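Chemist: This is the structure I have questions about; it appears just below.
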Amino acid sequence: MVDLQLAEAAGWRALMTLAQQNAQIFLSDAIEQYAVSLLYRSLGTAGSGTGRQVTRFTQHLLAARHEPVDNLPAVGDHCLLFAGLLTEQAMRQGIPVTYFVQVGQQAYHDHAARTSGADGLLYRELAQHFVALLDVFLTMRELNDSGPSLDGLNAYQLWCETGSHHGWQVLRQLTPALPAVATHARH
């Protein structure tokens, strides 16, 4: 008898590897393992309905922006999933993808500051490499879709504000012109 959980986790790992190769971003083993575990835990198999759960959690997070948060890793995880795999829902609600990057990075960073040992190091690394992991998730999403995972505005903001390689690649797909970086000129 085949262990279905092992097979599903292996499927997520294979998809992560393919997305990293396509994105030309190679994550550390610790981040890759965390991401595979997050995908398996949160999304499981196709049609599990967890996308709706992530959306509800994110809506709750947005409604309670200024309240203290108890479970910082969950906030980081949900922001990563929302920005990377449920991007169209963020765009439909008019929320820039960069908002979720900022909130997710900060949640991982704050949790790392409160945690010692290997867990603290892992969450510090997740905060530092949030954008690279997001780029891999966006690439993973595009492996199934025929078009870009971001619209032009979100791609530009993601590239300009976070240095996202994926944001740059989407811009290059949308236009042959090189995007200009906004400068702050004084008059």
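Residue numbers start at 1 in each chain; chains themselves are named A, B, ... in the order of the structure tokens; ligands are numbered from 1 in the order shown.
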Just want the 6 Å neighbourhood of region 70-78 of chain A, counted on only C-alpha atoms, with same-chain residues fewer than 4 positions away dropped. Output as a PyMOL selection string.

Modeler: chain A and resi 82+104+107-108+111

Chemist: With N, CA and C atoms retained, export the selected residues as a compact mmCIF listing (two decimals), in the first residue's frame.

Modeler:
# COMPACT_ATOMS: atom_id res chain seq x y z
N PHE A 82 -1.26 33.78 -0.16
CA PHE A 82 -2.17 34.72 -0.82
C PHE A 82 -1.45 35.45 -1.94
N GLY A 104 3.91 39.78 5.50
CA GLY A 104 4.48 38.44 5.68
C GLY A 104 5.92 38.47 6.16
N ALA A 107 6.00 39.60 9.75
CA ALA A 107 5.53 38.55 10.67
C ALA A 107 6.62 37.52 10.92
N TYR A 108 7.28 37.06 9.87
CA TYR A 108 8.37 36.10 10.04
C TYR A 108 9.52 36.72 10.83
N HIS A 111 8.57 37.05 14.53
CA HIS A 111 8.57 35.74 15.18
C HIS A 111 10.01 35.27 15.41

Chemist: Need the shell around Leu171 (chain A): protein/DNA/RNA residues with any atom at most 7 Å away, counting only C-alpha atoms. Skip same-chain ones fewer than 5 positions apart. Format as a count of residues only?

Modeler: 3

Chemist: From a DSSP pass on the backbone, collect the residues of region 97-169 of chain A flagged as alpha helix (DSSP H) and hand them back as a PyMOL selection string.

Modeler: chain A and resi 97-114+117-128+130-144+152-162+165-169

Chemist: Residues of region 51-158 of chain A that approach region 22-38 of chain A to 7 Å or less, counting only C-alpha atoms: could you list each one with the shortest pair of atoms and its distance in Å to one decimal, rows by chain and increasing residue number, as JSON lines?

Modeler:
{"residue": "A:Leu126", "atom": "CA", "partner": "A:Ile31", "partner_atom": "CA", "distance": 6.7}
{"residue": "A:Ala132", "atom": "CA", "partner": "A:Ile25", "partner_atom": "CA", "distance": 6.9}
{"residue": "A:Val136", "atom": "CA", "partner": "A:Ala23", "partner_atom": "CA", "distance": 6.2}
{"residue": "A:Thr139", "atom": "CA", "partner": "A:Ala23", "partner_atom": "CA", "distance": 6.2}

Chemist: May I have the residues from that selection written out with C-alpha atoms, as a compact mmCIF listing (two decimals), in the first residue's frame?

Modeler:
# COMPACT_ATOMS: atom_id res chain seq x y z
CA LEU A 126 12.17 33.02 5.70
CA ALA A 132 12.62 34.70 -3.54
CA VAL A 136 9.08 30.55 -6.83
CA THR A 139 6.47 30.70 -11.10

Chemist: Take CA of Tyr99 (chain A) and CA of Leu122 (chain A) and report the distance between them in Å, one decimal.

Modeler: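 These atoms are spaced 22.2 Å apart.
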
Chemist: Mind giving me the straight-line distance from CA of Asp151 (chain A) to CA of Thr98 (chain A) in Å, one decimal?

Modeler: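 Value for the CA of Asp151 (chain A)-CA of Thr98 (chain A) distance: 12.7 Å.
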
Chemist: Please compute the CA of Trp12 (chain A)-CA of Arg41 (chain A) distance, one decimal, in Å.

Modeler: 10.7 Å

Chemist: May I ask which of the residues A:Leu174, A:Ala127, A:Leu133, A:Leu85 is the closest one to Gly147 (chain A), counting only C-alpha atoms?

Modeler: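 Closest candidate: A:Leu174.
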
Chemist: List as a list in words the protein and nucleic acid residues near Thr162 (chain A), meaning an atom at most 12 Å away when only C-alpha atoms are counted, but skip any in the same chain fewer than 5 places from it.

Modeler: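 Here the qualifying residues turn out to be Val97, Thr98, Tyr99, Phe100, Val101, Gln102, Gln105, Gln128, His129, Phe130, Val131, Ala132, Leu134, Asp135, Asn154, Ala155, Tyr156, Gln157, Gly167 and Trp168 of chain A.
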
Chemist: May I ask which of the residues A:Leu150, A:Leu39, A:Arg114, A:Phe137 is the closest one to Met91 (chain A), counting only C-alpha atoms?

Modeler: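 When distances to Met91 (chain A) are compared using only C-alpha atoms, the smallest one comes from A:Leu150.
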
Chemist: Tell me which of A:Leu143, A:Arg172, A:Glu125, A:Gln106 sits closest to Thr17 (chain A), counting only C-alpha atoms.

Modeler: A:Leu143
